[in-house]
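What follows is the content of target04.cif (mmCIF, C-alpha atoms).
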```cif
data_work
loop_
_atom_site.group_PDB
_atom_site.id
_atom_site.type_symbol
_atom_site.label_atom_id
_atom_site.label_comp_id
_atom_site.auth_asym_id
_atom_site.auth_seq_id
_atom_site.Cartn_x
_atom_site.Cartn_y
_atom_site.Cartn_z
ATOM 1 C CA VAL Y 1 17.514 -114.478 -73.754
ATOM 2 C CA SER Y 2 16.287 -118.052 -73.344
ATOM 3 C CA GLY Y 3 12.585 -118.213 -72.530
ATOM 4 C CA PRO Y 4 10.308 -121.166 -71.673
ATOM 5 C CA ASP Y 5 9.250 -121.791 -75.278
ATOM 6 C CA SER Y 6 11.553 -119.639 -77.426
ATOM 7 C CA THR Y 7 14.697 -117.525 -77.469
ATOM 8 C CA SER Y 8 15.208 -113.904 -78.409
ATOM 9 C CA HIS Y 9 17.182 -112.716 -81.397
ATOM 10 C CA GLN Y 10 20.769 -111.721 -80.706
ATOM 11 C CA THR Y 11 20.602 -108.473 -78.737
ATOM 12 C CA ASP Y 12 23.161 -105.701 -79.262
ATOM 13 C CA ILE Y 13 23.059 -104.517 -75.644
ATOM 14 C CA LEU Y 14 21.753 -106.744 -72.872
ATOM 15 C CA ILE Y 15 21.392 -105.110 -69.451
ATOM 16 C CA CYS Y 16 21.505 -107.863 -66.855
ATOM 17 C CA ARG Y 17 20.748 -107.901 -63.156
ATOM 18 C CA ARG Y 18 23.715 -108.657 -60.911
ATOM 19 C CA ASP Y 19 21.582 -110.661 -58.476
ATOM 20 C CA LYS Y 20 20.560 -113.208 -61.135
ATOM 21 C CA ALA Y 21 22.542 -116.115 -62.521
ATOM 22 C CA THR Y 22 23.997 -116.244 -66.055
ATOM 23 C CA LEU Y 23 23.396 -119.459 -67.993
ATOM 24 C CA PHE Y 24 26.394 -119.036 -70.298
ATOM 25 C CA ARG Y 25 29.096 -116.473 -70.971
ATOM 26 C CA ASP Y 26 31.835 -116.413 -73.577
ATOM 27 C CA GLY Y 27 33.473 -113.007 -73.978
ATOM 28 C CA GLU Y 28 30.691 -110.578 -74.918
ATOM 29 C CA LEU Y 29 28.176 -113.369 -75.533
ATOM 30 C CA PHE Y 30 25.701 -113.911 -72.709
ATOM 31 C CA ILE Y 31 22.780 -116.316 -72.449
ATOM 32 C CA VAL Y 32 20.347 -115.569 -69.625
ATOM 33 C CA THR Y 33 16.796 -116.336 -68.557
ATOM 34 C CA PRO Y 34 14.121 -113.602 -68.846
ATOM 35 C CA ASP Y 35 14.135 -112.818 -65.118
ATOM 36 C CA ALA Y 36 17.798 -111.753 -65.338
ATOM 37 C CA VAL Y 37 17.186 -108.987 -67.904
ATOM 38 C CA ALA Y 38 16.614 -105.341 -66.992
ATOM 39 C CA GLY Y 39 16.706 -104.049 -70.557
ATOM 40 C CA ILE Y 40 17.436 -104.859 -74.195
ATOM 41 C CA ILE Y 41 18.710 -102.331 -76.740
ATOM 42 C CA GLU Y 42 19.017 -102.599 -80.503
ATOM 43 C CA VAL Y 43 21.769 -100.395 -81.975
ATOM 44 C CA LYS Y 44 21.878 -99.222 -85.599
ATOM 45 C CA SER Y 45 24.489 -96.986 -87.219
ATOM 46 C CA ARG Y 46 22.258 -95.346 -89.830
ATOM 47 C CA PHE Y 47 18.540 -95.245 -90.532
ATOM 48 C CA GLU Y 48 19.164 -95.678 -94.270
ATOM 49 C CA ASN Y 49 20.571 -99.144 -93.564
ATOM 50 C CA ILE Y 50 17.489 -100.518 -91.820
ATOM 51 C CA THR Y 51 13.823 -101.236 -92.405
ATOM 52 C CA LEU Y 52 12.094 -99.547 -89.481
ATOM 53 C CA GLU Y 53 9.162 -101.958 -89.405
ATOM 54 C CA ASP Y 54 11.446 -105.014 -89.327
ATOM 55 C CA VAL Y 55 13.698 -103.639 -86.591
ATOM 56 C CA LEU Y 56 10.829 -102.513 -84.356
ATOM 57 C CA GLY Y 57 8.873 -105.711 -84.999
ATOM 58 C CA LYS Y 58 11.812 -107.878 -83.967
ATOM 59 C CA LEU Y 59 12.502 -105.769 -80.883
ATOM 60 C CA ALA Y 60 8.818 -105.785 -79.887
ATOM 61 C CA GLY Y 61 8.672 -109.565 -80.241
ATOM 62 C CA ASP Y 62 11.782 -110.064 -78.101
ATOM 63 C CA ILE Y 63 10.612 -107.785 -75.288
ATOM 64 C CA ALA Y 64 7.169 -109.416 -75.371
ATOM 65 C CA MET Y 65 8.722 -112.843 -74.809
ATOM 66 C CA ILE Y 66 10.628 -111.527 -71.793
ATOM 67 C CA ARG Y 67 7.632 -109.752 -70.279
ATOM 68 C CA GLU Y 68 5.257 -112.643 -70.908
ATOM 69 C CA SER Y 69 7.721 -114.905 -69.088
ATOM 70 C CA GLY Y 70 6.997 -112.914 -65.922
ATOM 71 C CA ASN Y 71 9.469 -110.018 -66.156
ATOM 72 C CA GLU Y 72 7.017 -107.210 -66.934
ATOM 73 C CA LEU Y 73 9.426 -104.500 -65.732
ATOM 74 C CA CYS Y 74 11.984 -105.208 -68.458
ATOM 75 C CA GLN Y 75 12.545 -102.268 -70.837
ATOM 76 C CA ALA Y 76 13.435 -102.040 -74.526
ATOM 77 C CA GLY Y 77 15.102 -99.393 -76.676
ATOM 78 C CA LEU Y 78 16.278 -98.588 -80.205
ATOM 79 C CA PHE Y 79 19.405 -96.452 -80.619
ATOM 80 C CA ILE Y 80 20.083 -95.062 -84.106
ATOM 81 C CA TYR Y 81 23.342 -93.145 -84.372
ATOM 82 C CA ALA Y 82 22.471 -91.227 -87.578
ATOM 83 C CA ALA Y 83 18.820 -90.925 -88.583
ATOM 84 C CA GLY Y 84 18.756 -88.436 -91.449
ATOM 85 C CA ALA Y 85 15.770 -86.586 -92.848
ATOM 86 C CA GLY Y 86 13.887 -89.748 -93.851
ATOM 87 C CA LEU Y 87 12.817 -90.590 -90.324
ATOM 88 C CA SER Y 88 10.189 -88.088 -89.233
ATOM 89 C CA HIS Y 89 8.569 -87.881 -85.804
ATOM 90 C CA ALA Y 90 5.273 -89.056 -87.284
ATOM 91 C CA ARG Y 91 6.797 -92.056 -89.073
ATOM 92 C CA LEU Y 92 8.740 -93.147 -86.006
ATOM 93 C CA LEU Y 93 5.739 -92.903 -83.675
ATOM 94 C CA ALA Y 94 3.465 -94.727 -86.110
ATOM 95 C CA GLY Y 95 6.077 -97.478 -86.426
ATOM 96 C CA LEU Y 96 6.238 -97.898 -82.653
ATOM 97 C CA SER Y 97 2.457 -98.143 -82.387
ATOM 98 C CA ARG Y 98 2.198 -100.662 -85.222
ATOM 99 C CA ALA Y 99 4.958 -102.802 -83.745
ATOM 100 C CA ALA Y 100 3.163 -102.887 -80.389
ATOM 101 C CA GLU Y 101 -0.064 -104.159 -82.003
ATOM 102 C CA GLY Y 102 -2.052 -102.776 -79.068
ATOM 103 C CA ASN Y 103 -0.226 -105.136 -76.698
ATOM 104 C CA PRO Y 104 1.548 -103.476 -73.714
ATOM 105 C CA HIS Y 105 4.003 -106.384 -73.621
ATOM 106 C CA ARG Y 106 5.305 -105.274 -77.061
ATOM 107 C CA ILE Y 107 6.049 -101.686 -76.024
ATOM 108 C CA VAL Y 108 9.449 -100.223 -76.982
ATOM 109 C CA ASN Y 109 10.234 -97.699 -74.254
ATOM 110 C CA TRP Y 110 12.903 -95.412 -75.704
ATOM 111 C CA VAL Y 111 14.211 -94.423 -79.136
ATOM 112 C CA ALA Y 112 17.073 -92.127 -80.094
ATOM 113 C CA ALA Y 113 16.846 -91.329 -83.813
ATOM 114 C CA GLY Y 114 20.065 -89.484 -84.488
ATOM 115 C CA PRO Y 115 21.342 -86.700 -82.209
ATOM 116 C CA GLU Y 116 18.106 -84.690 -82.363
ATOM 117 C CA VAL Y 117 15.015 -86.913 -81.997
ATOM 118 C CA PHE Y 118 14.160 -88.739 -78.785
ATOM 119 C CA VAL Y 119 11.017 -90.779 -78.043
ATOM 120 C CA ARG Y 120 9.809 -92.019 -74.675
ATOM 121 C CA TYR Y 121 6.851 -94.181 -73.734
ATOM 122 C CA TRP Y 122 4.682 -93.075 -70.815
ATOM 123 C CA SER Y 123 2.457 -95.596 -69.058
ATOM 124 C CA ARG Y 124 -1.046 -94.893 -67.771
ATOM 125 C CA ASP Y 125 0.126 -94.159 -64.244
ATOM 126 C CA SER Y 126 2.711 -91.607 -65.363
ATOM 127 C CA LYS Y 127 2.444 -88.109 -63.890
ATOM 128 C CA VAL Y 128 3.605 -86.365 -67.053
ATOM 129 C CA GLU Y 129 1.050 -84.077 -68.705
ATOM 130 C CA ARG Y 130 -0.678 -85.883 -71.571
ATOM 131 C CA LEU Y 131 -3.369 -85.192 -74.125
ATOM 132 C CA VAL Y 132 -4.666 -88.763 -74.150
ATOM 133 C CA ASP Y 133 -5.963 -90.873 -71.296
ATOM 134 C CA GLY Y 134 -3.738 -93.919 -71.282
ATOM 135 C CA ALA Y 135 -0.491 -95.288 -72.634
ATOM 136 C CA VAL Y 136 1.284 -92.894 -74.997
ATOM 137 C CA TRP Y 137 4.598 -92.165 -76.707
ATOM 138 C CA HIS Y 138 5.967 -88.609 -76.828
ATOM 139 C CA SER Y 139 8.577 -87.471 -79.331
ATOM 140 C CA TYR Y 140 10.981 -84.653 -78.496
ATOM 141 C CA ARG Y 141 13.285 -82.441 -80.539
ATOM 142 C CA LEU Y 142 16.505 -82.213 -78.522
ATOM 143 C CA PRO Y 143 19.309 -80.976 -80.831
ATOM 144 C CA GLY Y 144 22.580 -82.557 -79.799
ATOM 145 C CA LEU Y 145 21.039 -84.224 -76.733
ATOM 146 C CA ALA Y 146 18.912 -87.115 -77.997
ATOM 147 C CA HIS Y 147 21.653 -89.715 -77.541
ATOM 148 C CA ALA Y 148 22.481 -88.430 -74.059
ATOM 149 C CA TYR Y 149 18.827 -88.436 -73.034
ATOM 150 C CA PHE Y 150 18.455 -91.984 -74.316
ATOM 151 C CA ILE Y 151 21.316 -93.145 -72.081
ATOM 152 C CA SER Y 152 19.988 -91.147 -69.118
ATOM 153 C CA ASN Y 153 16.552 -92.726 -69.478
ATOM 154 C CA VAL Y 154 18.069 -96.207 -69.723
ATOM 155 C CA VAL Y 155 20.035 -95.656 -66.511
ATOM 156 C CA TRP Y 156 17.065 -94.064 -64.756
ATOM 157 C CA ASP Y 157 14.559 -96.746 -65.751
ATOM 158 C CA THR Y 158 16.746 -99.812 -65.252
ATOM 159 C CA GLY Y 159 18.872 -98.741 -62.276
ATOM 160 C CA SER Y 160 17.674 -99.426 -58.760
ATOM 161 C CA SER Y 161 20.174 -97.120 -57.050
ATOM 162 C CA VAL Y 162 19.332 -93.768 -58.691
ATOM 163 C CA GLU Y 163 17.920 -91.302 -56.164
ATOM 164 C CA GLY Y 164 14.985 -89.154 -57.278
ATOM 165 C CA ALA Y 165 16.648 -86.004 -55.975
ATOM 166 C CA MET Y 166 19.512 -86.596 -58.421
ATOM 167 C CA GLN Y 167 17.295 -86.152 -61.469
ATOM 168 C CA PHE Y 168 18.879 -82.752 -62.145
ATOM 169 C CA ALA Y 169 22.172 -84.431 -63.071
ATOM 170 C CA TRP Y 170 20.708 -87.032 -65.420
ATOM 171 C CA PHE Y 171 18.226 -84.746 -67.215
ATOM 172 C CA PRO Y 172 19.969 -81.357 -67.475
ATOM 173 C CA VAL Y 173 17.551 -79.521 -69.795
ATOM 174 C CA GLU Y 174 16.348 -76.518 -67.812
ATOM 175 C CA GLY Y 175 12.595 -76.693 -67.287
ATOM 176 C CA SER Y 176 12.472 -80.385 -68.355
ATOM 177 C CA LYS Y 177 12.324 -81.827 -71.853
ATOM 178 C CA GLU Y 178 8.506 -81.636 -71.917
ATOM 179 C CA GLN Y 179 8.754 -78.114 -73.342
ATOM 180 C CA PHE Y 180 10.386 -79.647 -76.438
ATOM 181 C CA ARG Y 181 7.644 -82.155 -77.229
ATOM 182 C CA GLU Y 182 6.782 -82.445 -80.911
ATOM 183 C CA MET Y 183 4.238 -85.245 -81.441
ATOM 184 C CA TYR Y 184 2.443 -88.032 -79.619
ATOM 185 C CA ILE Y 185 0.633 -91.276 -80.358
ATOM 186 C CA ALA Y 186 -1.420 -93.511 -78.088
ATOM 187 C CA LEU Y 187 -1.068 -97.274 -77.912
ATOM 188 C CA ASP Y 188 -4.413 -97.713 -79.680
ATOM 189 C CA GLN Y 189 -3.784 -95.133 -82.429
ATOM 190 C CA ASP Y 190 -2.171 -95.516 -85.857
ATOM 191 C CA ARG Y 191 -1.415 -91.846 -86.593
ATOM 192 C CA ALA Y 192 0.634 -89.364 -84.589
ATOM 193 C CA SER Y 193 -0.644 -85.923 -83.605
ATOM 194 C CA SER Y 194 1.241 -82.668 -83.099
ATOM 195 C CA PHE Y 195 1.410 -81.060 -79.658
ATOM 196 C CA GLY Y 196 1.350 -77.643 -81.313
ATOM 197 C CA GLN Y 197 -1.875 -78.378 -83.191
ATOM 198 C CA ALA Y 198 -3.469 -79.846 -80.069
ATOM 199 C CA ALA Y 199 -2.585 -76.733 -78.083
ATOM 200 C CA GLU Y 200 -4.137 -74.469 -80.738
ATOM 201 C CA GLU Y 201 -7.337 -76.528 -80.747
ATOM 202 C CA HIS Y 202 -7.445 -76.379 -76.966
ATOM 203 C CA HIS Y 203 -7.285 -72.576 -76.950
ATOM 204 C CA THR Y 204 -9.872 -72.050 -79.742
#
```
For the file at hand, write its structure as structure tokens.
Amino acid sequence: VSGPDSTSHQTDILICRRDKATLFRDGELFIVTPDAVAGIIEVKSRFENITLEDVLGKLAGDIAMIRESGNELCQAGLFIYAAGAGLSHARLLAGLSRAAEGNPHRIVNWVAAGPEVFVRYWSRDSKVERLVDGAVWHSYRLPGLAHAYFISNVVWDTGSSVEGAMQFAWFPVEGSKEQFREMYIALDQDRASSFGQAAEEHHT
């Protein structure tokens, strides 16, 4: 992605808008301006092969350049095929918050960490039930469905032709995934909290 003053790193998956021009294309290599991008996705095969802070920092910097160039609706995601036990909900959420540095332009919207852990960012105007007033990430335990939910969220958030009434087909967990929330962290926090602990405190 070629911005006014800098370019992004090479992006594994670049979701482009059909109504915008492409500067250059050679096979699977595309060069576009920030306004042509609907989403950027970093793909990793295994968590053991990456440094979480480096990957999220690079991704946050790239999406910030795109958004600060005027395309604030562009989305960003990290897809990890195999996460393993070393990547906990708390570590992943803390990494996302640190990478954002309190700047909404550096938000990474979705993460699939192996086939079980999914993370989604919710903005202030979201209608989802939250325990903090403002921008927040939620992590979910979705055994066997995290990768599918990642793709569904990418399509839902970047596609302009998806009808709201068709949500049942894209998000097939009965009763919504919110019942499977594990932890959360706000944009201005550095430590994640458990939904279960928060619920107990609320009732006592």
Worksheet entry | Top pick for closest residue to Y:Gly134, considering Y:Thr11, Y:Gln189, Y:Ser161, Y:Ser194 and counting all atoms listed in the file |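 Smallest distance to Y:Gly134 is found for Y:Gln189.
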Item to complete: Could you list the residues chosen by the PyMOL selection byres ((chain Y and resi 147) around 8) in this structure as a list in words?
Response: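 When the PyMOL selection byres ((chain Y and resi 147) around 8) is applied to the shown file, the picked residues are Phe79, Tyr81, Ala112, Gly114, Pro115, Glu116, Phe118, Gly144, Leu145, Ala146, Ala148, Tyr149, Phe150 and Ile151 of chain Y.
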Worksheet item: Nearest to Y:Ala21: which of Y:Ala36, Y:Leu59, Y:Val43, Y:Val132 is it, counting all atoms listed in the file?
Response: Y:Ala36
Worksheet item: For this file, the PyMOL selection byres ((chain Y and resi 90) around 10) selects which residues, as a ChimeraX atom specification?
Response: /Y:87-89,91-95,139,182-185,190-194
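Straight-line separation from atom CA of Y:Phe47 to atom CA of Y:Val136: 23.3 Å.
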What box, with edges along x, y and z, holds each listed atom of stretch 21-34 of chain Y when 6 Å is added on every side, and can you state its centre and edge lengths in Å to one decimal, as JSON?
```
{"center_x": 23.8, "center_y": -115.0, "center_z": -69.0, "size_x": 31.4, "size_y": 20.9, "size_z": 25.0}
```
Discussion item. Starting from the PyMOL selection byres ((chain Y and resi 39) around 7), expand the selection into actual residues of this file and give them as a list in words.
Written reply: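 On this input, the PyMOL selection byres ((chain Y and resi 39) around 7) captures Leu14, Ile15, Val37, Ala38, Ile40, Ile41, Cys74, Gln75, Ala76 and Thr158 of chain Y.
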Discussion item. Counting all atoms listed in the file, which residue out of Y:Arg25, Y:Lys58, Y:Arg106, Y:His138 sits closest to Y:Tyr121?
Written reply: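 The answer is Y:His138, which sits nearest to Y:Tyr121.
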Fill in: Between atom CA of Y:Ser8 and atom CA of Y:Ile63 - distance in Å to one decimal
8.3 Å
Discussion item. Would you compute the distance between atom CA of Y:Phe30 and atom CA of Y:Asn71? Give it in Å to one decimal.
Written reply: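 Pair atom CA of Y:Phe30 / atom CA of Y:Asn71 returns 17.9 Å.
Minimum atom-to-atom distance to Y:Glu68, evaluated using all atoms listed in the file, belongs to Y:His105 out of Y:Lys177, Y:Arg120, Y:His105, Y:Arg17.
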Quick one: residues within 12 Å of Y:Glu101, only C-alpha atoms counted, chain neighbours fewer than 3 positions away excluded, as a JSON list (two decimals) with C-alpha atoms, in the frame of the given file?
```
[["chain", "number", "residue", "atom", "x", "y", "z"],
["Y", 56, "LEU", "CA", 10.83, -102.51, -84.36],
["Y", 57, "GLY", "CA", 8.87, -105.71, -85.00],
["Y", 60, "ALA", "CA", 8.82, -105.78, -79.89],
["Y", 61, "GLY", "CA", 8.67, -109.56, -80.24],
["Y", 64, "ALA", "CA", 7.17, -109.42, -75.37],
["Y", 94, "ALA", "CA", 3.46, -94.73, -86.11],
["Y", 95, "GLY", "CA", 6.08, -97.48, -86.43],
["Y", 96, "LEU", "CA", 6.24, -97.90, -82.65],
["Y", 97, "SER", "CA", 2.46, -98.14, -82.39],
["Y", 98, "ARG", "CA", 2.20, -100.66, -85.22],
["Y", 104, "PRO", "CA", 1.55, -103.48, -73.71],
["Y", 105, "HIS", "CA", 4.00, -106.38, -73.62],
["Y", 106, "ARG", "CA", 5.30, -105.27, -77.06],
["Y", 107, "ILE", "CA", 6.05, -101.69, -76.02],
["Y", 108, "VAL", "CA", 9.45, -100.22, -76.98],
["Y", 186, "ALA", "CA", -1.42, -93.51, -78.09],
["Y", 187, "LEU", "CA", -1.07, -97.27, -77.91],
["Y", 188, "ASP", "CA", -4.41, -97.71, -79.68],
["Y", 189, "GLN", "CA", -3.78, -95.13, -82.43],
["Y", 190, "ASP", "CA", -2.17, -95.52, -85.86]]
```
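Taking all atoms listed in the file, the non-local environment of Y:Val1 within 6 Å (same-chain residues fewer than 6 positions away omitted) comprises Y:Thr7, Y:Ser8, Y:Ile31, Y:Val32, Y:Thr33.
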Worksheet entry | Nearest residue to Y:Gly70 from the set Y:Val119, Y:Ala82, Y:Pro4, Y:Asp35 (distances using all atoms listed in the file) |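 Counting all atoms listed in the file, the residue closest to Y:Gly70 is Y:Asp35.
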